[in-house]
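Student: What follows is data_25.txt, made up of compact mmCIF, N, CA and C atoms:
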```txt
# COMPACT_ATOMS: atom_id res chain seq x y z
N MET A 250 10.50 -18.50 -4.10
CA MET A 250 10.65 -19.85 -4.59
C MET A 250 11.21 -19.84 -6.01
N LYS A 251 10.83 -18.82 -6.77
CA LYS A 251 11.36 -18.73 -8.13
C LYS A 251 12.87 -18.59 -8.12
N LYS A 252 13.37 -17.79 -7.18
CA LYS A 252 14.80 -17.56 -7.06
C LYS A 252 15.56 -18.86 -6.81
N MET A 253 14.94 -19.74 -6.03
CA MET A 253 15.57 -21.02 -5.69
C MET A 253 15.25 -22.10 -6.71
N LYS A 254 14.47 -21.75 -7.72
CA LYS A 254 14.07 -22.66 -8.80
C LYS A 254 13.33 -23.90 -8.28
N ILE A 255 12.39 -23.64 -7.38
CA ILE A 255 11.53 -24.72 -6.90
C ILE A 255 10.08 -24.31 -7.13
N GLU A 256 9.24 -25.29 -7.35
CA GLU A 256 7.82 -25.03 -7.60
C GLU A 256 6.98 -25.22 -6.34
N HIS A 257 7.49 -26.01 -5.41
CA HIS A 257 6.72 -26.34 -4.21
C HIS A 257 7.62 -26.27 -2.98
N ALA A 258 7.00 -25.93 -1.85
CA ALA A 258 7.69 -25.95 -0.56
C ALA A 258 6.93 -26.91 0.35
N LEU A 259 7.65 -27.88 0.90
CA LEU A 259 7.04 -28.83 1.83
C LEU A 259 7.34 -28.34 3.25
N VAL A 260 6.29 -27.88 3.93
CA VAL A 260 6.43 -27.32 5.27
C VAL A 260 6.04 -28.39 6.29
N THR A 261 6.98 -28.69 7.19
CA THR A 261 6.75 -29.74 8.18
C THR A 261 6.79 -29.25 9.61
N ASN A 262 7.32 -28.06 9.83
CA ASN A 262 7.36 -27.48 11.17
C ASN A 262 5.94 -27.03 11.52
N LEU A 263 5.40 -27.56 12.61
CA LEU A 263 4.01 -27.29 12.96
C LEU A 263 3.74 -25.81 13.23
N GLN A 264 4.72 -25.10 13.77
CA GLN A 264 4.54 -23.66 13.99
C GLN A 264 4.45 -22.91 12.66
N ASN A 265 5.23 -23.34 11.68
CA ASN A 265 5.18 -22.71 10.36
C ASN A 265 3.87 -23.05 9.65
N ILE A 266 3.39 -24.27 9.83
CA ILE A 266 2.10 -24.65 9.24
C ILE A 266 0.99 -23.78 9.83
N GLU A 267 1.03 -23.57 11.14
CA GLU A 267 0.03 -22.71 11.77
C GLU A 267 0.14 -21.28 11.25
N TYR A 268 1.36 -20.80 11.07
CA TYR A 268 1.57 -19.44 10.57
C TYR A 268 0.99 -19.26 9.17
N PHE A 269 1.25 -20.22 8.28
CA PHE A 269 0.81 -20.09 6.90
C PHE A 269 -0.66 -20.45 6.68
N SER A 270 -1.20 -21.33 7.53
CA SER A 270 -2.58 -21.79 7.29
C SER A 270 -3.59 -21.30 8.33
N GLY A 271 -3.10 -20.93 9.51
CA GLY A 271 -4.00 -20.57 10.60
C GLY A 271 -4.54 -21.79 11.32
N ILE A 272 -4.04 -22.98 10.96
CA ILE A 272 -4.52 -24.23 11.55
C ILE A 272 -3.48 -24.77 12.52
N LYS A 273 -3.91 -25.03 13.75
CA LYS A 273 -3.02 -25.61 14.76
C LYS A 273 -3.37 -27.09 14.89
N ALA A 274 -2.37 -27.94 14.69
CA ALA A 274 -2.59 -29.38 14.78
C ALA A 274 -1.32 -30.04 15.31
N SER A 275 -1.45 -31.25 15.83
CA SER A 275 -0.27 -31.96 16.33
C SER A 275 0.39 -32.80 15.24
N VAL A 276 -0.33 -33.02 14.14
CA VAL A 276 0.21 -33.78 13.01
C VAL A 276 -0.30 -33.14 11.73
N ALA A 277 0.63 -32.64 10.90
CA ALA A 277 0.24 -32.03 9.63
C ALA A 277 1.47 -31.79 8.77
N THR A 278 1.25 -31.67 7.49
CA THR A 278 2.27 -31.29 6.52
C THR A 278 1.58 -30.37 5.52
N MET A 279 2.31 -29.38 5.03
CA MET A 279 1.72 -28.43 4.09
C MET A 279 2.60 -28.34 2.85
N LEU A 280 1.99 -28.40 1.70
CA LEU A 280 2.68 -28.25 0.42
C LEU A 280 2.22 -26.94 -0.20
N ILE A 281 3.15 -26.01 -0.35
CA ILE A 281 2.82 -24.67 -0.83
C ILE A 281 3.37 -24.46 -2.23
N SER A 282 2.52 -23.92 -3.11
CA SER A 282 2.96 -23.50 -4.43
C SER A 282 2.44 -22.08 -4.66
N GLU A 283 2.79 -21.48 -5.77
CA GLU A 283 2.32 -20.12 -6.05
C GLU A 283 0.81 -20.08 -6.25
N LYS A 284 0.23 -21.14 -6.79
CA LYS A 284 -1.19 -21.14 -7.10
C LYS A 284 -2.07 -21.55 -5.93
N GLU A 285 -1.64 -22.58 -5.20
CA GLU A 285 -2.46 -23.08 -4.10
C GLU A 285 -1.59 -23.81 -3.09
N SER A 286 -2.19 -24.10 -1.98
CA SER A 286 -1.51 -24.87 -0.94
C SER A 286 -2.36 -26.08 -0.60
N ARG A 287 -1.69 -27.12 -0.20
CA ARG A 287 -2.38 -28.34 0.23
C ARG A 287 -1.97 -28.63 1.67
N LEU A 288 -2.95 -28.85 2.51
CA LEU A 288 -2.71 -29.16 3.90
C LEU A 288 -3.09 -30.62 4.13
N PHE A 289 -2.08 -31.44 4.39
CA PHE A 289 -2.30 -32.86 4.67
C PHE A 289 -2.42 -32.98 6.18
N ILE A 290 -3.63 -33.32 6.62
CA ILE A 290 -3.89 -33.25 8.06
C ILE A 290 -4.70 -34.45 8.52
N ASP A 291 -4.41 -34.88 9.71
CA ASP A 291 -5.08 -36.02 10.33
C ASP A 291 -6.58 -35.80 10.34
N GLU A 292 -7.33 -36.88 10.20
CA GLU A 292 -8.80 -36.78 10.13
C GLU A 292 -9.42 -36.14 11.37
N ARG A 293 -8.72 -36.18 12.50
CA ARG A 293 -9.25 -35.53 13.71
C ARG A 293 -9.39 -34.03 13.53
N TYR A 294 -8.56 -33.45 12.66
CA TYR A 294 -8.56 -32.00 12.46
C TYR A 294 -9.17 -31.59 11.11
N ALA A 295 -9.53 -32.54 10.28
CA ALA A 295 -9.93 -32.25 8.90
C ALA A 295 -11.14 -31.32 8.81
N GLU A 296 -12.17 -31.58 9.59
CA GLU A 296 -13.38 -30.75 9.52
C GLU A 296 -13.08 -29.31 9.95
N MET A 297 -12.38 -29.17 11.07
CA MET A 297 -12.02 -27.84 11.56
C MET A 297 -11.12 -27.13 10.55
N ALA A 298 -10.16 -27.86 9.98
CA ALA A 298 -9.23 -27.26 9.02
C ALA A 298 -9.97 -26.80 7.76
N SER A 299 -10.91 -27.59 7.30
CA SER A 299 -11.68 -27.22 6.11
C SER A 299 -12.47 -25.93 6.33
N LYS A 300 -12.98 -25.74 7.54
CA LYS A 300 -13.76 -24.54 7.84
C LYS A 300 -12.86 -23.31 7.98
N ARG A 301 -11.68 -23.49 8.58
CA ARG A 301 -10.80 -22.35 8.88
C ARG A 301 -9.84 -22.00 7.74
N ALA A 302 -9.49 -22.98 6.94
CA ALA A 302 -8.48 -22.74 5.89
C ALA A 302 -9.01 -21.77 4.85
N GLY A 303 -8.12 -20.99 4.31
CA GLY A 303 -8.50 -20.04 3.26
C GLY A 303 -8.90 -20.77 1.99
N SER A 304 -9.46 -20.04 1.07
CA SER A 304 -9.96 -20.64 -0.17
C SER A 304 -8.84 -21.21 -1.05
N ASN A 305 -7.60 -20.78 -0.82
CA ASN A 305 -6.49 -21.29 -1.61
C ASN A 305 -5.78 -22.47 -0.94
N ILE A 306 -6.36 -22.99 0.16
CA ILE A 306 -5.78 -24.14 0.85
C ILE A 306 -6.72 -25.33 0.73
N LEU A 307 -6.23 -26.36 0.09
CA LEU A 307 -6.99 -27.60 -0.07
C LEU A 307 -6.62 -28.55 1.07
N VAL A 308 -7.60 -29.01 1.82
CA VAL A 308 -7.37 -29.90 2.95
C VAL A 308 -7.52 -31.35 2.48
N LEU A 309 -6.47 -32.14 2.71
CA LEU A 309 -6.44 -33.53 2.24
C LEU A 309 -5.96 -34.46 3.36
N PRO A 310 -6.33 -35.74 3.28
CA PRO A 310 -5.82 -36.70 4.26
C PRO A 310 -4.35 -37.03 3.96
N PRO A 311 -3.57 -37.38 4.97
CA PRO A 311 -2.15 -37.70 4.77
C PRO A 311 -1.91 -38.82 3.76
N SER A 312 -2.87 -39.70 3.59
CA SER A 312 -2.72 -40.81 2.65
C SER A 312 -2.56 -40.34 1.20
N GLN A 313 -2.95 -39.12 0.89
CA GLN A 313 -2.85 -38.60 -0.48
C GLN A 313 -1.54 -37.86 -0.74
N LYS A 314 -0.75 -37.67 0.30
CA LYS A 314 0.47 -36.86 0.17
C LYS A 314 1.44 -37.43 -0.87
N LYS A 315 1.70 -38.71 -0.82
CA LYS A 315 2.68 -39.30 -1.74
C LYS A 315 2.24 -39.16 -3.20
N SER A 316 0.96 -39.37 -3.48
CA SER A 316 0.49 -39.26 -4.86
C SER A 316 0.57 -37.82 -5.36
N VAL A 317 0.33 -36.84 -4.47
CA VAL A 317 0.45 -35.43 -4.85
C VAL A 317 1.92 -35.08 -5.09
N LEU A 318 2.79 -35.54 -4.20
CA LEU A 318 4.21 -35.24 -4.33
C LEU A 318 4.82 -35.80 -5.61
N ARG A 319 4.29 -36.92 -6.09
CA ARG A 319 4.81 -37.52 -7.33
C ARG A 319 4.74 -36.56 -8.51
N HIS A 320 3.78 -35.64 -8.48
CA HIS A 320 3.59 -34.71 -9.59
C HIS A 320 4.46 -33.46 -9.47
N CYS A 321 5.16 -33.31 -8.36
CA CYS A 321 6.04 -32.15 -8.18
C CYS A 321 7.35 -32.38 -8.93
N LYS A 322 7.84 -31.32 -9.55
CA LYS A 322 9.11 -31.43 -10.27
C LYS A 322 10.29 -31.13 -9.36
N ASN A 323 10.25 -30.01 -8.69
CA ASN A 323 11.30 -29.60 -7.76
C ASN A 323 10.64 -29.18 -6.47
N ILE A 324 11.30 -29.44 -5.35
CA ILE A 324 10.66 -29.19 -4.06
C ILE A 324 11.67 -28.64 -3.07
N GLY A 325 11.18 -27.73 -2.23
CA GLY A 325 11.97 -27.23 -1.11
C GLY A 325 11.49 -27.88 0.16
N ILE A 326 12.42 -28.20 1.05
CA ILE A 326 12.05 -28.87 2.30
C ILE A 326 12.62 -28.10 3.50
N GLU A 327 11.94 -28.23 4.62
CA GLU A 327 12.46 -27.72 5.88
C GLU A 327 13.36 -28.82 6.46
N ALA A 328 14.62 -28.76 6.12
CA ALA A 328 15.55 -29.82 6.50
C ALA A 328 15.71 -29.93 8.01
N ASP A 329 15.54 -28.81 8.72
CA ASP A 329 15.72 -28.84 10.17
C ASP A 329 14.64 -29.63 10.90
N THR A 330 13.46 -29.76 10.30
CA THR A 330 12.37 -30.43 11.00
C THR A 330 11.80 -31.65 10.28
N LEU A 331 12.23 -31.89 9.05
CA LEU A 331 11.71 -33.04 8.31
C LEU A 331 12.25 -34.33 8.91
N PRO A 332 11.38 -35.24 9.33
CA PRO A 332 11.86 -36.51 9.89
C PRO A 332 12.70 -37.28 8.86
N THR A 333 13.69 -37.97 9.35
CA THR A 333 14.62 -38.70 8.49
C THR A 333 13.89 -39.68 7.58
N ARG A 334 12.93 -40.40 8.11
CA ARG A 334 12.18 -41.38 7.30
C ARG A 334 11.51 -40.69 6.11
N GLU A 335 10.91 -39.54 6.38
CA GLU A 335 10.23 -38.81 5.32
C GLU A 335 11.24 -38.26 4.30
N TYR A 336 12.39 -37.82 4.77
CA TYR A 336 13.44 -37.34 3.86
C TYR A 336 13.90 -38.46 2.93
N LEU A 337 14.11 -39.65 3.49
CA LEU A 337 14.54 -40.78 2.67
C LEU A 337 13.47 -41.17 1.65
N GLU A 338 12.19 -41.09 2.05
CA GLU A 338 11.10 -41.36 1.10
C GLU A 338 11.10 -40.33 -0.03
N LEU A 339 11.31 -39.07 0.32
CA LEU A 339 11.37 -38.02 -0.70
C LEU A 339 12.53 -38.24 -1.66
N LYS A 340 13.67 -38.61 -1.12
CA LYS A 340 14.85 -38.85 -1.97
C LYS A 340 14.56 -39.97 -2.97
N SER A 341 13.87 -41.02 -2.55
CA SER A 341 13.55 -42.10 -3.48
C SER A 341 12.47 -41.67 -4.47
N LEU A 342 11.57 -40.83 -4.04
CA LEU A 342 10.50 -40.33 -4.91
C LEU A 342 11.03 -39.31 -5.91
N PHE A 343 12.05 -38.55 -5.52
CA PHE A 343 12.62 -37.48 -6.34
C PHE A 343 14.02 -37.85 -6.84
N LYS A 344 14.18 -39.06 -7.34
CA LYS A 344 15.51 -39.51 -7.77
C LYS A 344 16.16 -38.57 -8.77
N ASN A 345 15.44 -38.11 -9.75
CA ASN A 345 16.01 -37.24 -10.78
C ASN A 345 15.46 -35.82 -10.68
N LYS A 346 15.04 -35.46 -9.49
CA LYS A 346 14.45 -34.13 -9.28
C LYS A 346 15.25 -33.40 -8.21
N LYS A 347 15.04 -32.10 -8.15
CA LYS A 347 15.79 -31.24 -7.25
C LYS A 347 15.09 -31.12 -5.89
N ILE A 348 15.86 -31.32 -4.81
CA ILE A 348 15.39 -31.09 -3.44
C ILE A 348 16.29 -30.01 -2.84
N VAL A 349 15.67 -28.93 -2.37
CA VAL A 349 16.41 -27.78 -1.85
C VAL A 349 16.03 -27.53 -0.39
N HIS A 350 16.99 -27.19 0.44
CA HIS A 350 16.72 -26.84 1.83
C HIS A 350 16.24 -25.39 1.88
N ILE A 351 15.09 -25.16 2.51
CA ILE A 351 14.48 -23.81 2.49
C ILE A 351 14.21 -23.26 3.89
N ASP A 352 14.89 -23.76 4.88
CA ASP A 352 14.64 -23.30 6.25
C ASP A 352 14.80 -21.78 6.37
N GLU A 353 15.85 -21.23 5.79
CA GLU A 353 16.08 -19.78 5.88
C GLU A 353 15.00 -19.00 5.12
N LEU A 354 14.55 -19.51 3.99
CA LEU A 354 13.49 -18.86 3.22
C LEU A 354 12.21 -18.77 4.06
N ILE A 355 11.84 -19.87 4.69
CA ILE A 355 10.61 -19.91 5.51
C ILE A 355 10.74 -18.94 6.68
N GLN A 356 11.87 -18.95 7.36
CA GLN A 356 12.06 -18.04 8.49
C GLN A 356 12.02 -16.59 8.03
N GLY A 357 12.56 -16.29 6.86
CA GLY A 357 12.51 -14.94 6.31
C GLY A 357 11.08 -14.49 6.05
N LEU A 358 10.26 -15.39 5.53
CA LEU A 358 8.85 -15.07 5.28
C LEU A 358 8.11 -14.80 6.58
N ARG A 359 8.47 -15.52 7.62
CA ARG A 359 7.79 -15.34 8.91
C ARG A 359 8.17 -14.02 9.56
N ARG A 360 9.33 -13.46 9.19
CA ARG A 360 9.75 -12.17 9.77
C ARG A 360 8.94 -11.01 9.21
N ILE A 361 8.34 -11.19 8.04
CA ILE A 361 7.56 -10.13 7.42
C ILE A 361 6.20 -10.05 8.13
N LYS A 362 5.86 -8.89 8.62
CA LYS A 362 4.61 -8.72 9.36
C LYS A 362 3.68 -7.80 8.60
N ASP A 363 2.45 -8.26 8.37
CA ASP A 363 1.46 -7.39 7.73
C ASP A 363 0.82 -6.51 8.80
N SER A 364 -0.04 -5.61 8.38
CA SER A 364 -0.62 -4.63 9.32
C SER A 364 -1.44 -5.32 10.42
N GLU A 365 -2.14 -6.39 10.08
CA GLU A 365 -2.93 -7.09 11.10
C GLU A 365 -2.03 -7.71 12.16
N GLU A 366 -0.94 -8.34 11.74
CA GLU A 366 0.00 -8.92 12.71
C GLU A 366 0.61 -7.83 13.59
N GLN A 367 0.93 -6.70 12.99
CA GLN A 367 1.50 -5.60 13.75
C GLN A 367 0.52 -5.10 14.80
N ARG A 368 -0.77 -5.04 14.46
CA ARG A 368 -1.80 -4.64 15.44
C ARG A 368 -1.87 -5.63 16.60
N TRP A 369 -1.84 -6.92 16.29
CA TRP A 369 -1.90 -7.94 17.33
C TRP A 369 -0.68 -7.86 18.25
N ILE A 370 0.49 -7.63 17.67
CA ILE A 370 1.70 -7.51 18.48
C ILE A 370 1.61 -6.29 19.37
N SER A 371 1.16 -5.16 18.84
CA SER A 371 1.00 -3.95 19.65
C SER A 371 0.00 -4.17 20.77
N HIS A 372 -1.10 -4.83 20.46
CA HIS A 372 -2.13 -5.12 21.46
C HIS A 372 -1.54 -6.00 22.57
N ALA A 373 -0.82 -7.04 22.19
CA ALA A 373 -0.21 -7.94 23.18
C ALA A 373 0.76 -7.18 24.08
N CYS A 374 1.53 -6.29 23.50
CA CYS A 374 2.48 -5.49 24.29
C CYS A 374 1.73 -4.57 25.25
N SER A 375 0.64 -3.97 24.80
CA SER A 375 -0.08 -3.03 25.65
C SER A 375 -0.74 -3.71 26.84
N ILE A 376 -1.20 -4.93 26.68
CA ILE A 376 -1.86 -5.60 27.81
C ILE A 376 -0.88 -6.31 28.74
N SER A 377 0.37 -6.46 28.28
CA SER A 377 1.35 -7.15 29.13
C SER A 377 2.12 -6.20 30.03
N LEU A 378 1.92 -4.91 29.85
CA LEU A 378 2.66 -3.93 30.69
C LEU A 378 2.00 -3.70 32.01
```
Write the structure described by the file as structure tokens, please.
Tutor:
Amino acid sequence: MKKMKIEHALVTNLQNIEYFSGIKASVATMLISEKESRLFIDERYAEMASKRAGSNILVLPPSQKKSVLRHCKNIGIEADTLPTREYLELKSLFKNKKIVHIDELIQGLRRIKDSEEQRWISHACSISL
């Protein structure tokens, strides 16, 4: 994110949200920064998300998203999955701020596999043969 000169990444692809947070939901948005992440999630999933989310993920209702975003200086967005209405709201909210498309950055991060992921992949391959 430093390379792209953004302080926050707004993740809207549900598969990417699950990858970064471990939370599977049908409606969610995640705001990631170097210090912490915020998961804006429907109240149906809030209790489960609060229990499962790591200590660096703050679970908030979607109604707080706009007020949190107002404090962001520069933001990266997943342009491929961000709904048009939300993009237009961001553009009006970030009139004099930088909005960067980060789809390739997010996909690159997902390609990196830690040792635990590698074990799960190996296990899945061994039981599927």
Student: Using backbone DSSP assignments, extract all helix (DSSP H, G or I) residues from chain A; output them as a PyMOL selection string.
Tutor: chain A and resi 263-270+292-301+311-318+333-342+352-360+364-377
Student: Out of A:Ala328, A:Ala277, A:Val317, A:Leu337, which residue has the shortest atom-to-atom distance to Asp352 (chain A) when counting all atoms listed in the file?
Tutor: A:Ala328
Student: Please, what distance in Å, to one decimal, runs between atom C of Ile351 (chain A) and CA of Lys284 (chain A)?
Tutor: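 Computed distance, atom C of Ile351 (chain A) to CA of Lys284 (chain A), equals 19.0 Å.
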Student: Between CA of Phe343 (chain A) and atom C of Ser282 (chain A), what is the distance, to one decimal in Å?
Tutor: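 That distance, rounded to one decimal, is 18.5 Å.
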Student: Measure the distance from CA of Leu263 (chain A) to CA of Lys340 (chain A) in Å and round it to one decimal.
Tutor: 21.8 Å
Student: From the DSSP assignment of the backbone, select every residue of region 310-375 of chain A that is strand (DSSP E), and format the answer as number ranges by chain.
Tutor: A: 323-326, 347-350
Student: Using all atoms listed in the file, give me every residue within 6 Å of (2.2, -28.6, 4.8) in file coordinates, as a PyMOL selection string.
Tutor: chain A and resi 259-261+266+277-281+287-289
Student: Dig up all the protein and nucleic acid residues within 8 Å of (12.6, -24.1, -7.4) in the file frame, using all atoms listed in the file, and format them as a ChimeraX atom specification.
Tutor: /A:250-257,322-325,347,349
Student: Using all atoms listed in the file, which residue out of A:Ala258, A:Ser286, A:Leu309, A:Ala302 lies closest to Ser270 (chain A)?
Tutor: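 Selected residue with least distance to Ser270 (chain A): A:Ala302.
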